[in-house]
Amino acid sequence: MILVVVLFCFTVIQLAPGDPLTLLGGSDGITPEQEAMLKEEWGLDEPLAKQCLTYCKQMLTFNLGTSYRQSRPVTDIILERLPATLLLMLPALAIAVFLGVRVGMYCSRHMHTLGDNIATIFALAGYSVPLFWVGQMLILIFSMKLGWLPVSGMTDVRQNYTGFALVWDVFKHLILPGSCLVFYYSAMILRVTRTKMSEVLQSDYIKTARAKGLPERRVIRGHALRNALAPVITVVGMELGSMVMGATVVESVFGYPGTGRLIYDAVAKRDYPLIAGMFFFISVMVIVANILVDILYAVIDPQVRYN
């Protein structure tokens, strides 16, 4: 699967319009001698078949090459940006899972009530409204109008904070982009949890558990929720798999220095080794996440484990 993804990425990169040498030269351009030297150094003068073979060998041996623009190993660049993305994505996803599951459970038990209707509208908005618009609205309200939170970045570059002051500064910079992600992820998880829980609560074994006199709390959490978590785990697994990519739109809107912004800059500058390295990391993470999801299925559902 990784090999197929690598070949697909190579093809897409080659078909993309533009030339990295042209962008590298800027408005003044580069001389023919410089262009020939760079093509030889980067292997761009080789036939496409040989370039593809070299590309696959490098990817499969975790040699991601050197960035055209930064003249640094691609692996170092990605690992440098990855902690910032994880610092943003992991808490946002954890909060979204908690909110989405809890509200989804409430909605499934109170179908078509006022609370359920409000939550459903919220979920529809979170799933439908573009994240870049949400981010811009948050900036206009909480940064430009109220002045409560910083506009962009991960830290205030004008201040040399240390210790707790640095932690607080980073936390303030995470609130707005994190809120965007929580809004989007919790909406998806809420919709999935509500739909699946409502189906499970109509099952015969739930009616039997209630007829035996089990407490409602145990029926909901011990029986219904456990069997309704499979699609929720699928959604969370998909997000975990793409986490190395980061929230490209959100990071671009807020100028957050994560891997999502790194992908955006690499595509804009036609930095092929960096684009390829990011796609490789993403494909590996998606495959690992799918394996973890399959394992979790067996943990929460005895039918999967015994079959």
# chains A, B, ... in the order shown; residues from 1 in each chain; ligands from 1
call {"tool": "select_by_dssp", "arguments": {"residues": "region 83-303 of chain A", "states": "alpha helix (DSSP H)", "output": "ChimeraX atom specification"}}
result
/A:83-109,114-128,131-138,163-200,204-211,216-218,225-241,248-254,259-268,272-300,302-303
call {"tool": "closest_residue", "arguments": {"among": "A:Thr54, A:Ser179, A:Ser186, A:Thr155", "to": "Tyr127 (chain A)", "atoms": "only C-alpha atoms"}}
result
A:Ser186
call {"tool": "closest_residue", "arguments": {"among": "A:Leu296, A:His173, A:Thr259, A:Met285", "to": "Leu82 (chain A)", "atoms": "only C-alpha atoms"}}
result
A:Thr259
call {"tool": "atom_distance", "arguments": {"atom1": "CA of Leu214 (chain A)", "atom2": "CA of Val200 (chain A)"}}
result
16.4 Å
call {"tool": "residues_around", "arguments": {"residues": "Ile78 (chain A)", "least_positions_apart": "2", "cutoff": "10 Å", "atoms": "only C-alpha atoms", "output": "PyMOL selection string"}}
result
chain A and resi 73-76+80-83+244-245+258-259+262-263+274+277-278+281
call {"tool": "residues_around", "arguments": {"residues": "Gly104 (chain A)", "least_positions_apart": "6", "cutoff": "6 Å", "atoms": "only C-alpha atoms", "output": "list of chain:residue names"}}
result
A:Leu190, A:Thr193, A:Arg194
call {"tool": "write_last_selection", "arguments": {"atoms": "C-alpha atoms", "output": "compact mmCIF listing (two decimals), in the first residue's frame"}}
result
# COMPACT_ATOMS: atom_id res chain seq x y z
CA LEU A 190 -21.43 13.95 17.47
CA THR A 193 -22.39 8.87 17.91
CA ARG A 194 -25.98 10.11 17.80
call {"tool": "closest_residue", "arguments": {"among": "A:Val192, A:Val267, A:Val4, A:Met238", "to": "Cys107 (chain A)", "atoms": "only C-alpha atoms"}}
result
A:Val192
call {"tool": "residues_around", "arguments": {"residues": "Ile287 (chain A)", "least_positions_apart": "5", "cutoff": "9 Å", "atoms": "only C-alpha atoms", "output": "list in words"}}
result
Met1, Ile2, Gly241, Ile282 and Leu292 of chain A
call {"tool": "write_last_selection", "arguments": {"atoms": "all heavy atoms", "output": "compact mmCIF listing (two decimals), in the first residue's frame"}}
result
# COMPACT_ATOMS: atom_id res chain seq x y z
N MET A 1 0.82 -1.20 0.00
CA MET A 1 0.00 0.00 0.00
C MET A 1 0.87 1.27 0.00
O MET A 1 0.60 2.24 -0.70
CB MET A 1 -0.92 0.00 1.22
CG MET A 1 -1.86 1.17 1.27
SD MET A 1 -3.00 1.22 -0.14
CE MET A 1 -4.01 -0.21 0.24
N ILE A 2 1.93 1.22 0.80
CA ILE A 2 2.84 2.38 0.83
C ILE A 2 3.48 2.60 -0.53
O ILE A 2 3.61 3.73 -1.01
CB ILE A 2 3.92 2.17 1.91
CG1 ILE A 2 3.29 2.21 3.30
CG2 ILE A 2 5.00 3.24 1.82
CD1 ILE A 2 4.25 1.93 4.43
N GLY A 241 -4.61 9.31 11.52
CA GLY A 241 -3.77 8.97 10.38
C GLY A 241 -3.30 10.19 9.63
O GLY A 241 -2.17 10.22 9.13
N ILE A 282 2.54 10.84 5.69
CA ILE A 282 1.08 10.75 5.83
C ILE A 282 0.60 9.34 5.52
O ILE A 282 -0.23 8.77 6.24
CB ILE A 282 0.40 11.77 4.90
CG1 ILE A 282 0.71 13.19 5.35
CG2 ILE A 282 -1.11 11.55 4.87
CD1 ILE A 282 0.34 14.24 4.34
N LEU A 292 -4.25 0.17 14.05
CA LEU A 292 -4.68 0.42 15.43
C LEU A 292 -6.20 0.37 15.55
O LEU A 292 -6.73 -0.14 16.55
CB LEU A 292 -4.16 1.78 15.89
CG LEU A 292 -2.64 1.91 16.04
CD1 LEU A 292 -2.27 3.33 16.45
CD2 LEU A 292 -2.11 0.91 17.07
call {"tool": "closest_residue", "arguments": {"among": "A:Ala266, A:Ile220, A:Met144, A:Leu99", "to": "Thr248 (chain A)", "atoms": "only C-alpha atoms"}}
result
A:Ala266
call {"tool": "closest_residue", "arguments": {"among": "A:Phe62, A:Phe8, A:Tyr106, A:Tyr297", "to": "Ala230 (chain A)", "atoms": "only C-alpha atoms"}}
result
A:Tyr297
call {"tool": "closest_residue", "arguments": {"among": "A:Ala224, A:Leu88, A:Met111, A:Ala123", "to": "Ile175 (chain A)", "atoms": "only C-alpha atoms"}}
result
A:Leu88
call {"tool": "atom_distance", "arguments": {"atom1": "CA of Phe122 (chain A)", "atom2": "CA of Cys180 (chain A)"}}
result
13.2 Å
